[in-house]
>>> print(open('model.txt').read())   # compact mmCIF, C-alpha atoms and all ligand atoms
# COMPACT_ATOMS: atom_id res chain seq x y z
CA MET A 8 118.43 82.13 123.28
CA LYS A 9 119.07 79.00 121.26
CA LEU A 10 116.06 77.14 119.98
CA THR A 11 117.21 73.94 121.56
CA LYS A 12 116.43 70.35 120.71
CA THR A 13 113.24 69.42 122.43
CA LEU A 14 113.64 65.67 122.46
CA ALA A 15 116.15 65.66 125.30
CA LEU A 16 113.94 68.05 127.23
CA ALA A 17 110.92 65.87 126.57
CA LEU A 18 112.71 62.86 127.97
CA LEU A 19 113.96 64.78 130.99
CA GLY A 20 110.60 66.33 131.70
CA THR A 21 108.82 63.01 131.87
CA SER A 22 111.48 60.90 133.51
CA PHE A 23 108.99 59.82 136.15
CA ALA A 24 106.60 58.36 133.58
CA PRO A 25 107.36 56.39 130.44
CA LEU A 26 106.99 58.65 127.42
CA ALA A 27 104.82 57.21 124.67
CA MET A 28 106.97 56.86 121.58
CA ALA A 29 106.10 56.62 117.90
CA SER A 30 107.95 56.22 114.68
CA SER A 31 106.32 59.06 112.81
CA LEU A 32 106.52 62.83 112.46
CA ASN A 33 104.04 65.38 111.15
CA VAL A 34 105.49 68.46 109.49
CA MET A 35 103.41 71.61 109.17
CA LEU A 36 103.76 73.91 106.16
CA TYR A 37 103.27 77.67 106.46
CA HIS A 38 103.85 80.60 104.11
CA HIS A 39 102.63 83.96 105.46
CA VAL A 40 101.60 84.38 109.10
CA ASP A 41 99.58 87.48 108.45
CA ASP A 42 95.93 88.64 108.42
CA HIS A 43 96.32 90.71 105.24
CA THR A 44 98.14 88.50 102.75
CA PRO A 45 96.41 86.10 100.26
CA HIS A 46 94.04 83.71 102.07
CA SER A 47 95.19 80.41 100.57
CA THR A 48 98.83 80.87 101.62
CA SER A 49 98.24 82.73 104.86
CA THR A 50 97.76 81.62 108.43
CA ARG A 51 95.93 84.30 110.37
CA TRP A 52 97.64 85.39 113.56
CA ASP A 53 94.82 84.12 115.82
CA ASP A 54 94.92 80.70 114.16
CA PHE A 55 98.70 80.55 114.43
CA ILE A 56 98.62 81.34 118.16
CA ALA A 57 95.81 78.82 118.66
CA GLN A 58 97.93 76.13 116.95
CA LEU A 59 100.97 76.88 119.14
CA ASP A 60 98.79 76.95 122.27
CA HIS A 61 97.33 73.61 121.23
CA PHE A 62 100.81 72.10 120.92
CA GLU A 63 101.66 73.27 124.43
CA GLU A 64 98.34 72.32 126.02
CA GLN A 65 98.27 68.87 124.41
CA GLY A 66 101.88 68.00 125.19
CA TYR A 67 103.26 68.09 121.65
CA GLN A 68 107.01 68.21 121.16
CA VAL A 69 108.02 70.67 118.46
CA LEU A 70 111.19 69.06 117.11
CA ASP A 71 114.10 70.26 115.03
CA LEU A 72 113.26 69.04 111.52
CA ALA A 73 116.64 67.62 110.47
CA ASP A 74 117.26 65.93 113.83
CA ALA A 75 113.83 64.31 113.83
CA ILE A 76 114.23 63.04 110.25
CA LYS A 77 117.67 61.61 111.06
CA GLN A 78 116.21 59.73 114.00
CA LEU A 79 113.43 58.27 111.87
CA GLN A 80 115.95 57.25 109.19
CA ALA A 81 117.98 55.51 111.88
CA GLY A 82 114.88 53.63 113.02
CA GLN A 83 114.71 55.48 116.33
CA ALA A 84 111.38 56.44 117.83
CA LEU A 85 110.20 59.99 118.47
CA PRO A 86 107.81 61.18 121.18
CA GLU A 87 104.29 60.08 120.23
CA LYS A 88 103.13 63.67 119.82
CA SER A 89 105.81 65.08 117.52
CA VAL A 90 105.54 67.93 115.03
CA ALA A 91 108.00 70.09 113.11
CA LEU A 92 107.29 73.53 111.68
CA THR A 93 108.38 74.77 108.24
CA PHE A 94 107.89 78.14 106.55
CA ASP A 95 108.37 78.42 102.78
CA ASP A 96 109.62 81.53 100.95
CA ALA A 97 110.82 83.60 103.97
CA PHE A 98 108.01 86.13 103.89
CA VAL A 99 108.51 89.16 106.11
CA SER A 100 105.71 88.13 108.50
CA VAL A 101 107.77 85.06 109.43
CA CYS A 102 110.86 87.07 110.36
CA GLU A 103 108.98 89.88 112.06
CA ARG A 104 106.06 88.14 113.79
CA ALA A 105 106.26 84.34 113.80
CA TYR A 106 109.94 84.24 114.77
CA PRO A 107 109.69 86.24 118.03
CA GLU A 108 106.65 84.20 119.07
CA LEU A 109 108.31 80.85 118.34
CA LYS A 110 111.50 82.00 120.05
CA ARG A 111 109.55 83.00 123.16
CA ARG A 112 108.04 79.50 123.27
CA GLY A 113 111.35 77.75 122.55
CA MET A 114 109.97 76.11 119.39
CA PRO A 115 112.51 75.34 116.64
CA PHE A 116 111.57 75.81 112.99
CA THR A 117 112.92 75.74 109.44
CA VAL A 118 112.61 78.41 106.73
CA PHE A 119 112.92 77.33 103.08
CA VAL A 120 114.16 80.34 101.16
CA ALA A 121 114.26 81.09 97.43
CA THR A 122 117.32 83.31 97.23
CA ASP A 123 116.53 85.59 94.24
CA PRO A 124 113.69 87.52 95.94
CA ILE A 125 115.95 88.08 98.96
CA ASP A 126 118.87 89.17 96.74
CA LYS A 127 116.54 91.59 94.93
CA GLY A 128 115.27 93.02 98.23
CA TYR A 129 111.60 92.41 97.44
CA GLN A 130 109.33 94.14 99.89
CA ASN A 131 107.31 91.20 101.24
CA TYR A 132 110.36 89.11 102.03
CA CYS A 133 112.86 88.90 104.88
CA SER A 134 116.26 90.48 104.23
CA TRP A 135 119.52 88.56 104.45
CA GLU A 136 120.23 90.56 107.60
CA GLN A 137 117.02 89.27 109.19
CA LEU A 138 117.72 85.72 108.07
CA ARG A 139 121.21 85.96 109.56
CA GLU A 140 119.68 86.96 112.88
CA LEU A 141 117.37 83.94 112.76
CA ALA A 142 120.21 81.61 111.75
CA ASP A 143 122.41 82.93 114.56
CA ASP A 144 119.56 82.07 116.90
CA GLY A 145 119.37 78.45 115.76
CA VAL A 146 116.64 78.73 113.12
CA VAL A 147 117.44 76.51 110.13
CA ILE A 148 117.51 78.38 106.80
CA ALA A 149 117.33 75.94 103.89
CA ASN A 150 117.15 75.67 100.10
CA HIS A 151 114.00 76.45 98.06
CA THR A 152 115.85 77.19 94.74
CA MET A 153 116.98 80.58 93.50
CA ASP A 154 114.07 81.69 91.34
CA HIS A 155 111.12 79.71 92.79
CA ASP A 156 110.00 78.80 89.27
CA TYR A 157 108.30 75.51 88.33
CA MET A 158 111.13 72.96 88.13
CA VAL A 159 109.76 70.09 86.03
CA ARG A 160 106.72 71.32 84.06
CA ASP A 161 108.68 71.55 80.81
CA ALA A 162 110.63 68.31 81.33
CA PHE A 163 109.03 66.74 78.24
CA THR A 164 109.61 69.73 75.96
CA ASN A 165 112.79 71.51 77.06
CA GLU A 166 115.99 69.51 76.81
CA ALA A 167 117.76 71.94 79.10
CA TRP A 168 115.26 71.61 81.97
CA PHE A 169 117.42 69.25 84.03
CA GLU A 170 120.58 71.35 83.82
CA GLN A 171 118.52 74.41 84.74
CA ALA A 172 116.94 72.63 87.70
CA LYS A 173 120.31 71.50 89.04
CA ALA A 174 121.82 74.97 88.66
CA ASN A 175 118.79 76.40 90.46
CA VAL A 176 119.40 74.18 93.48
CA GLU A 177 123.19 74.53 93.50
CA GLY A 178 123.02 78.32 93.09
CA ALA A 179 120.65 78.70 96.04
CA GLN A 180 122.83 76.48 98.22
CA GLN A 181 125.82 78.65 97.31
CA ARG A 182 123.97 81.91 98.14
CA ILE A 183 122.82 80.60 101.53
CA LYS A 184 126.38 79.53 102.35
CA GLN A 185 127.79 82.89 101.26
CA GLN A 186 125.25 84.83 103.32
CA LEU A 187 124.90 82.65 106.42
CA GLY A 188 128.14 80.69 106.56
CA SER A 189 126.60 77.26 106.06
CA ALA A 190 123.60 75.60 104.47
CA PRO A 191 121.91 72.40 105.65
CA MET A 192 121.19 69.55 103.22
CA LEU A 193 117.45 70.23 103.28
CA PHE A 194 115.39 71.18 100.23
CA ALA A 195 111.76 72.07 99.49
CA TYR A 196 110.48 71.84 95.90
CA PRO A 197 108.71 75.06 94.82
CA TYR A 198 104.95 74.37 94.75
CA GLY A 199 105.85 70.83 95.88
CA GLU A 200 106.47 69.91 92.21
CA TYR A 201 109.08 67.30 91.25
CA ASN A 202 109.54 64.27 89.02
CA ASP A 203 111.46 61.05 89.56
CA GLN A 204 114.57 62.24 87.69
CA LEU A 205 114.94 65.39 89.77
CA LYS A 206 114.18 63.48 92.96
CA ALA A 207 116.91 60.95 92.17
CA TRP A 208 119.46 63.73 91.63
CA ILE A 209 118.40 65.44 94.87
CA ALA A 210 119.00 62.11 96.64
CA GLU A 211 122.44 61.71 95.02
CA GLN A 212 123.42 65.13 96.31
CA GLY A 213 122.47 64.06 99.82
CA TYR A 214 119.45 66.31 100.40
CA ILE A 215 116.36 65.46 102.41
CA ALA A 216 113.51 67.00 100.41
CA PHE A 217 109.91 68.04 100.99
CA GLY A 218 106.86 68.34 98.77
CA GLN A 219 103.48 69.86 99.56
CA GLN A 220 101.37 66.72 99.49
CA SER A 221 99.69 65.83 102.80
CA GLY A 222 100.75 62.99 105.02
CA SER A 223 102.84 61.76 107.87
CA ILE A 224 106.53 60.78 107.79
CA GLY A 225 107.74 57.38 108.99
CA GLU A 226 110.37 54.71 108.54
CA THR A 227 109.22 53.74 105.03
CA SER A 228 109.01 57.32 103.71
CA ASP A 229 110.64 58.46 100.50
CA TRP A 230 113.25 60.84 101.96
CA GLN A 231 113.30 63.09 98.90
CA ALA A 232 109.52 63.36 98.63
CA LEU A 233 108.41 63.95 102.19
CA PRO A 234 104.87 65.15 102.86
CA ARG A 235 103.79 68.18 104.86
CA PHE A 236 100.39 69.30 106.11
CA ASN A 237 99.35 72.71 104.87
CA ALA A 238 98.43 74.82 107.93
CA ALA A 239 97.18 77.87 106.01
CA GLY A 240 94.02 79.18 104.36
CA ASN A 241 91.01 76.92 104.87
CA TYR A 242 93.17 74.44 106.81
CA ALA A 243 94.49 76.80 109.49
CA SER A 244 92.01 76.22 112.31
CA VAL A 245 92.92 73.86 115.14
CA SER A 246 89.65 72.00 114.57
CA SER A 247 90.65 71.16 111.00
CA LEU A 248 94.31 70.43 111.90
CA ARG A 249 93.64 68.27 114.97
CA LEU A 250 93.45 65.05 112.92
CA LYS A 251 96.59 66.01 111.01
CA PHE A 252 98.66 66.70 114.13
CA THR A 253 97.93 63.11 115.21
CA ALA A 254 98.19 61.51 111.74
CA ARG A 255 100.29 58.42 111.03
CA PRO A 256 101.73 57.21 107.72
CA LEU A 257 99.94 54.40 105.91
CA ALA A 258 102.39 51.48 105.94
CA LEU A 259 103.80 51.08 102.43
CA ASP A 260 107.00 51.57 100.46
CA TYR A 261 106.67 55.23 99.49
CA SER A 262 109.55 55.06 97.02
CA ALA A 263 107.40 52.69 94.93
CA LEU A 264 104.75 55.36 94.27
CA PRO A 265 104.49 56.58 90.66
CA ASP A 266 106.22 59.61 89.18
CA PRO A 267 103.90 62.55 89.89
CA LEU A 268 104.71 64.23 86.55
CA THR A 269 102.44 62.72 83.93
CA GLN A 270 100.94 63.35 80.49
CA GLN A 271 98.06 61.02 81.29
CA ARG A 272 94.70 62.57 82.07
CA GLN A 273 93.57 59.65 84.23
CA PRO A 274 96.79 58.37 85.82
CA LEU A 275 96.71 55.13 87.78
CA LEU A 276 97.72 55.08 91.45
CA SER A 277 98.47 51.50 92.46
CA VAL A 278 99.19 50.94 96.15
CA GLU A 279 100.60 47.85 97.85
CA LEU A 280 99.94 48.21 101.58
CA GLN A 281 101.99 46.47 104.23
CA PRO A 282 100.12 44.45 106.85
CA SER A 283 99.13 46.57 109.85
CA SER A 284 97.77 45.63 113.24
CA GLU A 285 96.59 49.22 113.69
CA ALA A 286 95.13 50.69 110.50
CA HIS A 287 91.70 49.41 109.47
CA TYR A 288 92.11 48.95 105.70
CA PRO A 289 88.49 48.02 104.94
CA HIS A 290 87.60 51.61 105.86
CA LEU A 291 90.30 53.17 103.67
CA GLN A 292 88.99 55.98 101.50
CA CYS A 293 90.61 58.14 98.83
CA TYR A 294 89.68 61.62 97.70
CA LEU A 295 90.72 63.60 94.65
CA ASN A 296 90.62 67.35 95.17
CA GLY A 297 88.09 66.62 97.94
CA GLN A 298 85.83 64.25 95.95
CA ALA A 299 85.51 60.61 97.12
CA LEU A 300 86.92 58.04 94.68
CA GLU A 301 85.99 54.44 93.95
CA LEU A 302 88.75 52.02 94.92
CA ASN A 303 89.58 48.90 92.96
CA TRP A 304 90.81 46.24 95.43
CA HIS A 305 92.84 43.38 93.96
CA SER A 306 93.56 41.81 97.35
CA PRO A 307 93.15 42.92 101.00
CA LEU A 308 96.45 44.83 100.68
CA HIS A 309 96.50 45.97 97.05
CA PHE A 310 94.24 48.58 95.51
CA ASP A 311 94.34 51.05 92.71
CA VAL A 312 92.49 54.21 91.98
CA THR A 313 92.14 56.46 88.94
CA PRO A 314 90.44 59.83 88.48
CA PRO A 315 86.87 59.25 87.20
CA GLU A 316 87.23 62.13 84.74
CA ALA A 317 90.11 63.61 82.76
CA LEU A 318 92.30 65.89 84.85
CA GLY A 319 93.18 69.35 83.61
CA ASN A 320 96.74 70.63 83.42
CA GLY A 321 98.42 71.38 86.74
CA ARG A 322 98.51 69.95 90.25
CA HIS A 323 96.01 67.48 91.68
CA ARG A 324 96.20 65.42 94.85
CA VAL A 325 94.81 62.03 95.74
CA ASN A 326 94.56 61.76 99.54
CA CYS A 327 93.87 58.37 101.10
CA THR A 328 93.15 57.78 104.78
CA ALA A 329 92.29 54.75 106.88
CA PRO A 330 91.22 54.98 110.54
CA HIS A 331 92.86 53.12 113.39
CA ARG A 332 90.94 49.98 114.34
CA ASN A 333 89.80 51.93 117.43
CA GLY A 334 88.64 54.90 115.34
CA SER A 335 91.64 57.22 115.53
CA PRO A 336 94.25 58.34 114.65
CA TYR A 337 94.11 58.33 110.85
CA TYR A 338 96.71 56.78 108.56
CA TRP A 339 97.57 58.90 105.50
CA LEU A 340 98.91 58.69 101.99
CA SER A 341 98.93 61.49 99.45
CA GLN A 342 99.94 61.24 95.80
CA GLN A 343 100.38 64.38 93.75
CA TRP A 344 99.66 64.35 90.03
CA LEU A 345 101.25 67.10 87.98
CA VAL A 346 99.52 66.85 84.60
CA VAL A 347 101.15 68.44 81.57
CA ASP A 348 100.21 68.46 77.85
CA GLU A 349 101.20 65.65 75.54
CA GLN A 350 103.51 66.87 72.81
ZN ZN B 1 107.58 78.45 97.97
>>> encode(input="model.txt", output="structure tokens")
Amino acid sequence: MKLTKTLALALLGTSFAPLAMASSLNVMLYHHVDDHTPHSTSTRWDDFIAQLDHFEEQGYQVLDLADAIKQLQAGQALPEKSVALTFDDAFVSVCERAYPELKRRGMPFTVFVATDPIDKGYQNYCSWEQLRELADDGVVIANHTMDHDYMVRDAFTNEAWFEQAKANVEGAQQRIKQQLGSAPMLFAYPYGEYNDQLKAWIAEQGYIAFGQQSGSIGETSDWQALPRFNAAGNYASVSSLRLKFTARPLALDYSALPDPLTQQRQPLLSVELQPSSEAHYPHLQCYLNGQALELNWHSPLHFDVTPPEALGNGRHRVNCTAPHRNGSPYYWLSQQWLVVDEQ
């Protein structure tokens, strides 16, 4: 069975009633689908099934990731309830359990694979043989570097970092082509970590690329820094994901957001919103690692926000949401800060 494109089916299936359309897509991020792997990166089987049931019961279209992105880039609308499913790292639970279940339901998905662990035959990972079976069945197998190491953390200290990062992407693309015959121009940054220089090179190469910050994808997205909603760990239940499945992007130019890699302990996030007849900006709130932040409004469309205390080294995320004027859905923006030492 081919995991076919669901948009055409969606249109056919509702030909008697106009299908509500939207210009946004919400992409879910999974790692393990397993009850016995580490909590924070695992979606328990019951939660996974409940999510898939929810998609079916609520009339969601699970779309092919690359097709859906291409349509958004071309300014074409998607079904109002659109999601795409992505699995990072190609853990064995994805090949052995999630895949048969998704295949049975006719839901397409994408697996971002770091090629070294597969080449080394690590125990918790799919084999190339398994990935070939998925690929032959229409599953998209895409680039997640060779070694899955941090790509930009030593960008201020190691002159060779950029050459290493490029080789890491090109090598993985080569391995996927050698093993599966072709490789799509899709990339996921390990740990969702990137900086502007790497992102610009990824764009030059022609990749669409994904981070791990939350949010919804729309016409004004930054196509090499696309958000995904984590559907694992504490965020795996349908009750916690419900608002994310229906999320919309806050209207702004995402390519104008600051470089996430910073040596500042209290980096400034300055946001210029576009006028919206839907999102209720006076109720916009931002959170840092879950804690509410004070916003500094310069005008009804321009605010900035800084961490109230010095951030430690590593990843932090500022999530901002504003409700629809009618209460829901919610409009999202997420900025990742990757703080590294000053040298
Ligand atoms: Zn990964």
>>> residues_around(input="model.txt", residues="segment 154-170 of chain A", least_positions_apart="3", cutoff="6 Å", atoms="all atoms listed in the file", output="count of residues only")
5
>>> residues_near_ligand(input="model.txt", ligand="ligand ZN 1 (chain B)", cutoff="6 Å", atoms="all atoms listed in the file", output="JSON list (two decimals) with C-alpha atoms, in the frame of the given file")
[["chain", "number", "residue", "atom", "x", "y", "z"],
["A", 95, "ASP", "CA", 108.37, 78.42, 102.78],
["A", 96, "ASP", "CA", 109.62, 81.53, 100.95],
["A", 197, "PRO", "CA", 108.71, 75.06, 94.82],
["A", 198, "TYR", "CA", 104.95, 74.37, 94.75]]
>>> residues_near_point(input="model.txt", point="(107.7, 65.8, 89.5)", cutoff="10 Å", atoms="all atoms listed in the file", output="list in words")
Tyr157, Met158, Val159, Arg160, Ala162, Tyr196, Gly199, Glu200, Tyr201, Asn202, Asp203, Gln204, Leu205, Lys206, Gly218, Ala232, Pro265, Asp266, Pro267, Leu268, Thr269, Gln343, Trp344, Leu345 and Val346 of chain A
>>> residues_around(input="model.txt", residues="Asp126 of chain A", least_positions_apart="3", cutoff="12 Å", atoms="only C-alpha atoms", output="list in words")
Val120, Ala121, Thr122, Asp123, Tyr129, Gln130, Tyr132, Cys133, Ser134, Trp135, Glu136, Leu138, Met153, Asp154, Ala179, Arg182, Ile183, Gln185 and Gln186 of chain A
>>> residues_around(input="model.txt", residues="Gly319 of chain A", least_positions_apart="3", cutoff="10 Å", atoms="only C-alpha atoms", output="JSON, numbers by chain")
{"A": [271, 272, 273, 316, 322, 323, 345, 346, 347, 348]}
>>> write_last_selection(input="model.txt", atoms="C-alpha atoms", output="PDB file, in the coordinates of the input")
ATOM      1  CA  GLN A 271      98.060  61.020  81.290  1.00  0.00           C
ATOM      2  CA  ARG A 272      94.700  62.570  82.070  1.00  0.00           C
ATOM      3  CA  GLN A 273      93.570  59.650  84.230  1.00  0.00           C
ATOM      4  CA  GLU A 316      87.230  62.130  84.740  1.00  0.00           C
ATOM      5  CA  ARG A 322      98.510  69.950  90.250  1.00  0.00           C
ATOM      6  CA  HIS A 323      96.010  67.480  91.680  1.00  0.00           C
ATOM      7  CA  LEU A 345     101.250  67.100  87.980  1.00  0.00           C
ATOM      8  CA  VAL A 346      99.520  66.850  84.600  1.00  0.00           C
ATOM      9  CA  VAL A 347     101.150  68.440  81.570  1.00  0.00           C
ATOM     10  CA  ASP A 348     100.210  68.460  77.850  1.00  0.00           C
TER      11      ASP A 348
END
>>> residues_around(input="model.txt", residues="Arg332 of chain A", least_positions_apart="4", cutoff="10 Å", atoms="all atoms listed in the file", output="VMD selection string")
chain A and resid 283 to 290 336 to 337
>>> residues_around(input="model.txt", residues="Cys327 of chain A", least_positions_apart="5", cutoff="9 Å", atoms="only C-alpha atoms", output="list in words")
Leu257, Leu291, Gln292, Cys293, Tyr294, Leu295, Tyr338, Trp339, Leu340, Ser341 and Gln342 of chain A
>>> closest_residue(input="model.txt", among="A:Pro191, A:Gly178, A:Gly321, A:Gly82", to="Phe119 of chain A", atoms="all atoms listed in the file")
A:Pro191
>>> closest_residue(input="model.txt", among="A:Ala207, A:Ala258, A:Ile148, A:Ile125", to="Ser31 of chain A", atoms="all atoms listed in the file")
A:Ala258
>>> decode(input="model.txt", residues="segment 219-229 of chain A", atoms="all heavy atoms", output="PDB file, in the first residue's frame")
ATOM      1  N   GLN A 219      13.032  22.525  16.599  1.00  0.00           N
ATOM      2  CA  GLN A 219      12.194  21.865  17.599  1.00  0.00           C
ATOM      3  C   GLN A 219      11.451  22.891  18.444  1.00  0.00           C
ATOM      4  O   GLN A 219      10.922  22.553  19.502  1.00  0.00           O
ATOM      5  CB  GLN A 219      13.035  20.954  18.497  1.00  0.00           C
ATOM      6  CG  GLN A 219      13.624  19.776  17.739  1.00  0.00           C
ATOM      7  CD  GLN A 219      14.227  18.726  18.648  1.00  0.00           C
ATOM      8  OE1 GLN A 219      14.110  18.791  19.876  1.00  0.00           O
ATOM      9  NE2 GLN A 219      14.884  17.751  18.060  1.00  0.00           N
ATOM     10  N   GLN A 220      11.449  24.139  17.991  1.00  0.00           N
ATOM     11  CA  GLN A 220      10.636  25.135  18.690  1.00  0.00           C
ATOM     12  C   GLN A 220       9.170  24.917  18.306  1.00  0.00           C
ATOM     13  O   GLN A 220       8.880  24.388  17.239  1.00  0.00           O
ATOM     14  CB  GLN A 220      11.123  26.555  18.360  1.00  0.00           C
ATOM     15  CG  GLN A 220      10.708  27.110  17.009  1.00  0.00           C
ATOM     16  CD  GLN A 220      11.578  26.654  15.840  1.00  0.00           C
ATOM     17  OE1 GLN A 220      12.262  25.638  15.912  1.00  0.00           O
ATOM     18  NE2 GLN A 220      11.522  27.394  14.743  1.00  0.00           N
ATOM     19  N   SER A 221       8.259  25.319  19.211  1.00  0.00           N
ATOM     20  CA  SER A 221       6.829  25.109  18.969  1.00  0.00           C
ATOM     21  C   SER A 221       6.308  26.112  17.958  1.00  0.00           C
ATOM     22  O   SER A 221       6.920  27.152  17.734  1.00  0.00           O
ATOM     23  CB  SER A 221       6.035  25.294  20.262  1.00  0.00           C
ATOM     24  OG  SER A 221       6.514  24.434  21.252  1.00  0.00           O
ATOM     25  N   GLY A 222       5.155  25.825  17.396  1.00  0.00           N
ATOM     26  CA  GLY A 222       4.514  26.806  16.537  1.00  0.00           C
ATOM     27  C   GLY A 222       3.882  26.190  15.321  1.00  0.00           C
ATOM     28  O   GLY A 222       3.994  24.988  15.082  1.00  0.00           O
ATOM     29  N   SER A 223       3.218  27.043  14.582  1.00  0.00           N
ATOM     30  CA  SER A 223       2.456  26.638  13.424  1.00  0.00           C
ATOM     31  C   SER A 223       3.120  27.234  12.183  1.00  0.00           C
ATOM     32  O   SER A 223       3.749  28.286  12.262  1.00  0.00           O
ATOM     33  CB  SER A 223       1.027  27.179  13.601  1.00  0.00           C
ATOM     34  OG  SER A 223       0.197  26.795  12.540  1.00  0.00           O
ATOM     35  N   ILE A 224       2.988  26.556  11.054  1.00  0.00           N
ATOM     36  CA  ILE A 224       3.659  26.977   9.819  1.00  0.00           C
ATOM     37  C   ILE A 224       2.647  27.662   8.907  1.00  0.00           C
ATOM     38  O   ILE A 224       1.530  27.164   8.733  1.00  0.00           O
ATOM     39  CB  ILE A 224       4.280  25.753   9.114  1.00  0.00           C
ATOM     40  CG1 ILE A 224       5.316  25.104  10.041  1.00  0.00           C
ATOM     41  CG2 ILE A 224       4.915  26.151   7.784  1.00  0.00           C
ATOM     42  CD1 ILE A 224       5.859  23.789   9.529  1.00  0.00           C
ATOM     43  N   GLY A 225       3.052  28.787   8.333  1.00  0.00           N
ATOM     44  CA  GLY A 225       2.167  29.524   7.421  1.00  0.00           C
ATOM     45  C   GLY A 225       2.963  30.238   6.350  1.00  0.00           C
ATOM     46  O   GLY A 225       4.173  30.068   6.245  1.00  0.00           O
ATOM     47  N   GLU A 226       2.241  31.072   5.595  1.00  0.00           N
ATOM     48  CA  GLU A 226       2.863  31.719   4.431  1.00  0.00           C
ATOM     49  C   GLU A 226       4.102  32.534   4.765  1.00  0.00           C
ATOM     50  O   GLU A 226       4.981  32.684   3.931  1.00  0.00           O
ATOM     51  CB  GLU A 226       1.852  32.695   3.795  1.00  0.00           C
ATOM     52  CG  GLU A 226       0.667  32.036   3.155  1.00  0.00           C
ATOM     53  CD  GLU A 226      -0.426  33.067   2.890  1.00  0.00           C
ATOM     54  OE1 GLU A 226      -1.183  33.365   3.832  1.00  0.00           O
ATOM     55  OE2 GLU A 226      -0.486  33.558   1.768  1.00  0.00           O
ATOM     56  N   THR A 227       4.164  33.127   5.977  1.00  0.00           N
ATOM     57  CA  THR A 227       5.292  34.004   6.306  1.00  0.00           C
ATOM     58  C   THR A 227       6.365  33.284   7.115  1.00  0.00           C
ATOM     59  O   THR A 227       7.225  33.909   7.727  1.00  0.00           O
ATOM     60  CB  THR A 227       4.820  35.244   7.088  1.00  0.00           C
ATOM     61  OG1 THR A 227       4.218  34.802   8.322  1.00  0.00           O
ATOM     62  CG2 THR A 227       3.806  36.059   6.288  1.00  0.00           C
ATOM     63  N   SER A 228       6.317  31.946   7.126  1.00  0.00           N
ATOM     64  CA  SER A 228       7.318  31.174   7.876  1.00  0.00           C
ATOM     65  C   SER A 228       8.701  31.354   7.292  1.00  0.00           C
ATOM     66  O   SER A 228       8.882  31.731   6.135  1.00  0.00           O
ATOM     67  CB  SER A 228       6.945  29.693   7.853  1.00  0.00           C
ATOM     68  OG  SER A 228       5.866  29.435   8.718  1.00  0.00           O
ATOM     69  N   ASP A 229       9.696  31.026   8.116  1.00  0.00           N
ATOM     70  CA  ASP A 229      11.086  30.949   7.682  1.00  0.00           C
ATOM     71  C   ASP A 229      11.313  29.484   7.295  1.00  0.00           C
ATOM     72  O   ASP A 229      11.339  28.607   8.165  1.00  0.00           O
ATOM     73  CB  ASP A 229      11.980  31.358   8.861  1.00  0.00           C
ATOM     74  CG  ASP A 229      13.433  31.433   8.475  1.00  0.00           C
ATOM     75  OD1 ASP A 229      13.792  30.980   7.370  1.00  0.00           O
ATOM     76  OD2 ASP A 229      14.218  31.955   9.296  1.00  0.00           O
TER      77      ASP A 229
END
